[in-house]
Amino acid sequence: MEKRFESKVVGCLVGGAVGDALGAPFEGLWAETIPEKDELLAGYALYEGFPTGQYTDDTQLTLATVESILRCRSLNPADIARSIFSLWRTEGVIGPGGACSQAARRYFATPDWTTCGAPPGNAGNGAAMRTAILGLCYSKTPQVLVPGVTDISLITHQDARSIAGGVAIAQAAFLLLRDDKPDPFEFCHLVAESIRPIEPDFSQYLCALPEWVGRKASVAMEQIAWAGMRYPEFHQPIITPFVIPTVLAALWCVLRHPCHWEEAVAAAIQLGGDVDTLGAIVGGLMGARLGITAIPTHLVAQLVQRDRIRNLGLALAQWIETGC
């Protein structure tokens, strides 16, 4: 197996988990209350009630998806749904979102993955938080990435915006597998085109994103934080669980810091708000771009279940490369 690809698959899984665990203690906080980069990256902050380096539902649902893929040797939405919702059955899910919990209840009532997702109007980021790894799973068959990720996103969310967010993050991960530095305009155009048939307005925001990459964070966030909303939700910008700002903010951080995992992840967490999800998405995308060696070793060493996550990544890379 090509070691660079293996490193990127493992980097995507481990990077997502590390970013999730870094952000979890600061979820819901305003940007000015979150530590500066050096302090943030020095080690995991206290996450009350949990061990150092504990990740949340963002990573749990991602790992459940990978476990299903390896068990079935295919991307089977029905089995992925069983794998994901088993976390609720065992009451093992950490910090679950409302829409995903609603989907779990609907699934237990009638286990149909095609209809259990939270209904339209629930446009959270619960699909986007778990789909970066799917961009790598479909790297050998990119022509079916959009319909495949659409189905897997539908498990938790029926709203077109949430489905589009899941597809956008998977497409971004696929594009970041390239070793060259992404061109913001080409990158955003390709991601936007992948979701245009699903959610045209969301696609337009992605097309505008390159114009914000070179701006100061405070200026860019005035545009990003309230994208897709009729009016600002709070008195100052913060990234809520609404999927459109989440995806835009995550890609903004990746494009601002394409060569440095720690810079991109710290920038995401320092935006404030739903920063465990931002950390998970950006950490996974940057891991897919740069590989496992780009992630600070002291953070990997302190990550809860690091060996399990690494081994799942190794097994998934082998399956993607060999199909068996």
# chains A, B, ... in the order shown; residues from 1 in each chain; ligands from 1
$ residues_around --residues "Met286 in chain A" --least-positions-apart "4" --cutoff "7 Å" --atoms "only C-alpha atoms" --output "JSON, numbers by chain"
{"A": [254, 261, 282, 290]}
$ residues_around --residues "range 243-248 of chain A" --least-positions-apart "5" --cutoff "6 Å" --atoms "only C-alpha atoms" --output "JSON list (two decimals) with N, CA, C and O atoms, in the first residue's frame"
[["chain", "number", "residue", "atom", "x", "y", "z"],
["A", 124, "GLY", "N", -28.83, 21.36, 11.04],
["A", 124, "GLY", "CA", -27.60, 21.36, 11.82],
["A", 124, "GLY", "C", -26.44, 20.72, 11.08],
["A", 124, "GLY", "O", -26.56, 20.26, 9.95],
["A", 125, "ASN", "N", -25.29, 20.70, 11.77],
["A", 125, "ASN", "CA", -24.05, 20.20, 11.15],
["A", 125, "ASN", "C", -23.75, 18.74, 11.48],
["A", 125, "ASN", "O", -22.62, 18.29, 11.35],
["A", 162, "SER", "N", -28.39, 20.41, 5.31],
["A", 162, "SER", "CA", -27.53, 19.50, 6.06],
["A", 162, "SER", "C", -26.92, 18.44, 5.15],
["A", 162, "SER", "O", -25.74, 18.10, 5.29],
["A", 224, "ILE", "N", -19.43, 35.14, 7.30],
["A", 224, "ILE", "CA", -19.58, 33.69, 7.44],
["A", 224, "ILE", "C", -20.56, 33.31, 8.53],
["A", 224, "ILE", "O", -21.41, 32.41, 8.35],
["A", 225, "ALA", "N", -20.49, 33.94, 9.68],
["A", 225, "ALA", "CA", -21.27, 33.50, 10.84],
["A", 225, "ALA", "C", -22.78, 33.57, 10.62],
["A", 225, "ALA", "O", -23.52, 32.76, 11.18],
["A", 227, "ALA", "N", -24.24, 33.56, 7.47],
["A", 227, "ALA", "CA", -24.60, 33.09, 6.13],
["A", 227, "ALA", "C", -25.79, 32.14, 6.20],
["A", 227, "ALA", "O", -25.83, 31.23, 7.02]]
$ closest_atom_pairs --of "range 29-103 of chain A" --to "range 263-274 of chain A" --cutoff "10 Å" --atoms "only C-alpha atoms" --output "CSV"
residue,atom,partner,partner_atom,distance
A:Leu29,CA,A:Gly273,CA,5.5
A:Trp30,CA,A:Gly272,CA,4.8
A:Ala31,CA,A:Gly272,CA,4.2
A:Glu32,CA,A:Gln270,CA,7.9
A:Thr33,CA,A:Gly272,CA,8.3
A:Ile34,CA,A:Gln270,CA,6.0
A:Pro35,CA,A:Gln270,CA,7.5
A:Glu36,CA,A:Gln270,CA,7.6
A:Lys37,CA,A:Ala266,CA,5.7
A:Asp38,CA,A:Ala266,CA,8.8
A:Glu39,CA,A:Ala266,CA,9.9
A:Leu40,CA,A:Ala266,CA,7.1
A:Leu41,CA,A:Ala266,CA,7.3
$ write_last_selection --atoms "N, CA, C and O atoms" --output "compact mmCIF listing (two decimals), in the first residue's frame"
# COMPACT_ATOMS: atom_id res chain seq x y z
N LEU A 29 -18.44 28.75 23.87
CA LEU A 29 -17.83 29.97 24.40
C LEU A 29 -17.61 31.01 23.30
O LEU A 29 -17.46 30.68 22.12
N TRP A 30 -17.57 32.27 23.71
CA TRP A 30 -17.24 33.35 22.79
C TRP A 30 -15.75 33.33 22.47
O TRP A 30 -14.93 32.87 23.28
N ALA A 31 -15.40 33.84 21.32
CA ALA A 31 -14.02 33.78 20.84
C ALA A 31 -13.03 34.38 21.83
O ALA A 31 -11.95 33.83 22.05
N GLU A 32 -13.39 35.50 22.46
CA GLU A 32 -12.44 36.19 23.33
C GLU A 32 -12.13 35.43 24.61
O GLU A 32 -11.17 35.76 25.32
N THR A 33 -12.92 34.40 24.94
CA THR A 33 -12.67 33.62 26.15
C THR A 33 -11.86 32.35 25.90
O THR A 33 -11.55 31.62 26.83
N ILE A 34 -11.53 32.09 24.63
CA ILE A 34 -10.79 30.88 24.26
C ILE A 34 -9.29 31.19 24.25
O ILE A 34 -8.88 32.26 23.78
N PRO A 35 -8.45 30.29 24.76
CA PRO A 35 -7.01 30.57 24.86
C PRO A 35 -6.36 30.87 23.51
O PRO A 35 -6.87 30.47 22.44
N GLU A 36 -5.23 31.56 23.57
CA GLU A 36 -4.43 31.80 22.38
C GLU A 36 -3.84 30.49 21.87
O GLU A 36 -3.82 29.47 22.57
N LYS A 37 -3.34 30.53 20.64
CA LYS A 37 -2.91 29.30 19.96
C LYS A 37 -1.93 28.47 20.78
O LYS A 37 -2.12 27.26 20.93
N ASP A 38 -0.88 29.06 21.28
CA ASP A 38 0.15 28.28 21.97
C ASP A 38 -0.40 27.57 23.19
O ASP A 38 -0.09 26.40 23.44
N GLU A 39 -1.22 28.26 23.96
CA GLU A 39 -1.82 27.62 25.13
C GLU A 39 -2.82 26.54 24.71
O GLU A 39 -2.87 25.46 25.30
N LEU A 40 -3.59 26.83 23.69
CA LEU A 40 -4.60 25.88 23.21
C LEU A 40 -3.96 24.57 22.76
O LEU A 40 -4.46 23.47 23.04
N LEU A 41 -2.82 24.68 22.07
CA LEU A 41 -2.17 23.51 21.50
C LEU A 41 -1.17 22.84 22.44
O LEU A 41 -0.63 21.78 22.12
$ residues_around --residues "Pro184 in chain A" --least-positions-apart "4" --cutoff "9 Å" --atoms "only C-alpha atoms" --output "list in words"
Cys188, His189, Leu209, Pro210, Glu211, Val213 and Leu255 of chain A
$ closest_residue --among "A:Val66, A:Ile84, A:Leu46, A:Leu154" --to "Thr115 in chain A" --atoms "only C-alpha atoms"
A:Leu154
$ select_by_dssp --residues "range 33-106 of chain A" --states "alpha helix (DSSP H)" --output "VMD selection string"
chain A and resid 37 to 42 57 to 72 77 to 89 98 to 106
$ write_last_selection --atoms "C-alpha atoms" --output "PDB file, in the first residue's frame"
ATOM      1  CA  LYS A  37      -2.910  29.303  19.964  1.00  0.00           C
ATOM      2  CA  ASP A  38       0.153  28.282  21.969  1.00  0.00           C
ATOM      3  CA  GLU A  39      -1.824  27.620  25.129  1.00  0.00           C
ATOM      4  CA  LEU A  40      -4.599  25.883  23.209  1.00  0.00           C
ATOM      5  CA  LEU A  41      -2.169  23.505  21.500  1.00  0.00           C
ATOM      6  CA  ALA A  42      -0.008  22.851  24.564  1.00  0.00           C
ATOM      7  CA  ASP A  57     -20.149  12.618  19.260  1.00  0.00           C
ATOM      8  CA  ASP A  58     -18.481  14.104  16.162  1.00  0.00           C
ATOM      9  CA  THR A  59     -15.751  11.480  16.362  1.00  0.00           C
ATOM     10  CA  GLN A  60     -17.989   8.750  17.773  1.00  0.00           C
ATOM     11  CA  LEU A  61     -20.308   8.881  14.760  1.00  0.00           C
ATOM     12  CA  THR A  62     -17.337   8.961  12.397  1.00  0.00           C
ATOM     13  CA  LEU A  63     -15.796   5.887  14.019  1.00  0.00           C
ATOM     14  CA  ALA A  64     -19.151   4.091  14.002  1.00  0.00           C
ATOM     15  CA  THR A  65     -19.329   4.755  10.250  1.00  0.00           C
ATOM     16  CA  VAL A  66     -15.826   3.371   9.694  1.00  0.00           C
ATOM     17  CA  GLU A  67     -16.568   0.286  11.788  1.00  0.00           C
ATOM     18  CA  SER A  68     -19.615  -0.414   9.628  1.00  0.00           C
ATOM     19  CA  ILE A  69     -17.617  -0.001   6.415  1.00  0.00           C
ATOM     20  CA  LEU A  70     -14.967  -2.436   7.610  1.00  0.00           C
ATOM     21  CA  ARG A  71     -17.563  -4.919   8.860  1.00  0.00           C
ATOM     22  CA  CYS A  72     -19.585  -4.885   5.614  1.00  0.00           C
ATOM     23  CA  PRO A  77     -26.303   3.036   4.706  1.00  0.00           C
ATOM     24  CA  ALA A  78     -28.588   0.602   6.531  1.00  0.00           C
ATOM     25  CA  ASP A  79     -25.684  -0.859   8.479  1.00  0.00           C
ATOM     26  CA  ILE A  80     -24.090   2.557   9.033  1.00  0.00           C
ATOM     27  CA  ALA A  81     -27.399   3.677  10.581  1.00  0.00           C
ATOM     28  CA  ARG A  82     -27.413   0.653  12.902  1.00  0.00           C
ATOM     29  CA  SER A  83     -23.822   1.353  13.863  1.00  0.00           C
ATOM     30  CA  ILE A  84     -24.429   5.054  14.528  1.00  0.00           C
ATOM     31  CA  PHE A  85     -27.626   4.650  16.530  1.00  0.00           C
ATOM     32  CA  SER A  86     -26.173   1.871  18.673  1.00  0.00           C
ATOM     33  CA  LEU A  87     -24.407   4.730  20.500  1.00  0.00           C
ATOM     34  CA  TRP A  88     -27.791   5.949  21.726  1.00  0.00           C
ATOM     35  CA  ARG A  89     -29.015   2.450  22.537  1.00  0.00           C
ATOM     36  CA  GLY A  98     -30.665  17.567  19.134  1.00  0.00           C
ATOM     37  CA  ALA A  99     -31.294  16.559  15.511  1.00  0.00           C
ATOM     38  CA  CYS A 100     -29.164  13.413  15.748  1.00  0.00           C
ATOM     39  CA  SER A 101     -30.929  12.436  18.980  1.00  0.00           C
ATOM     40  CA  GLN A 102     -34.282  13.012  17.285  1.00  0.00           C
ATOM     41  CA  ALA A 103     -33.141  10.792  14.405  1.00  0.00           C
ATOM     42  CA  ALA A 104     -32.154   8.085  16.892  1.00  0.00           C
ATOM     43  CA  ARG A 105     -35.613   8.128  18.489  1.00  0.00           C
ATOM     44  CA  ARG A 106     -37.267   7.908  15.088  1.00  0.00           C
TER      45      ARG A 106
END
$ closest_residue --among "A:Glu186, A:Thr240, A:Ala118, A:Cys137" --to "Ile155 in chain A" --atoms "only C-alpha atoms"
A:Ala118
$ residues_around --residues "range 175-179 of chain A" --least-positions-apart "4" --cutoff "10 Å" --atoms "only C-alpha atoms" --output "list in words"
Arg4, Phe5, Lys8, Val9, Gly135, Leu136, Ser139, Ile169, Ala170, Gln171, Phe187, Leu190, Val191, Val254, Pro258, Leu285, Met286, Gly287, Ala288, Arg289, Leu290 and Gly291 of chain A
$ atom_distance --atom1 "CA of Thr56 in chain A" --atom2 "CA of Ala280 in chain A"
9.2 Å
$ atom_distance --atom1 "CA of Asp276 in chain A" --atom2 "CA of Ala21 in chain A"
6.8 Å
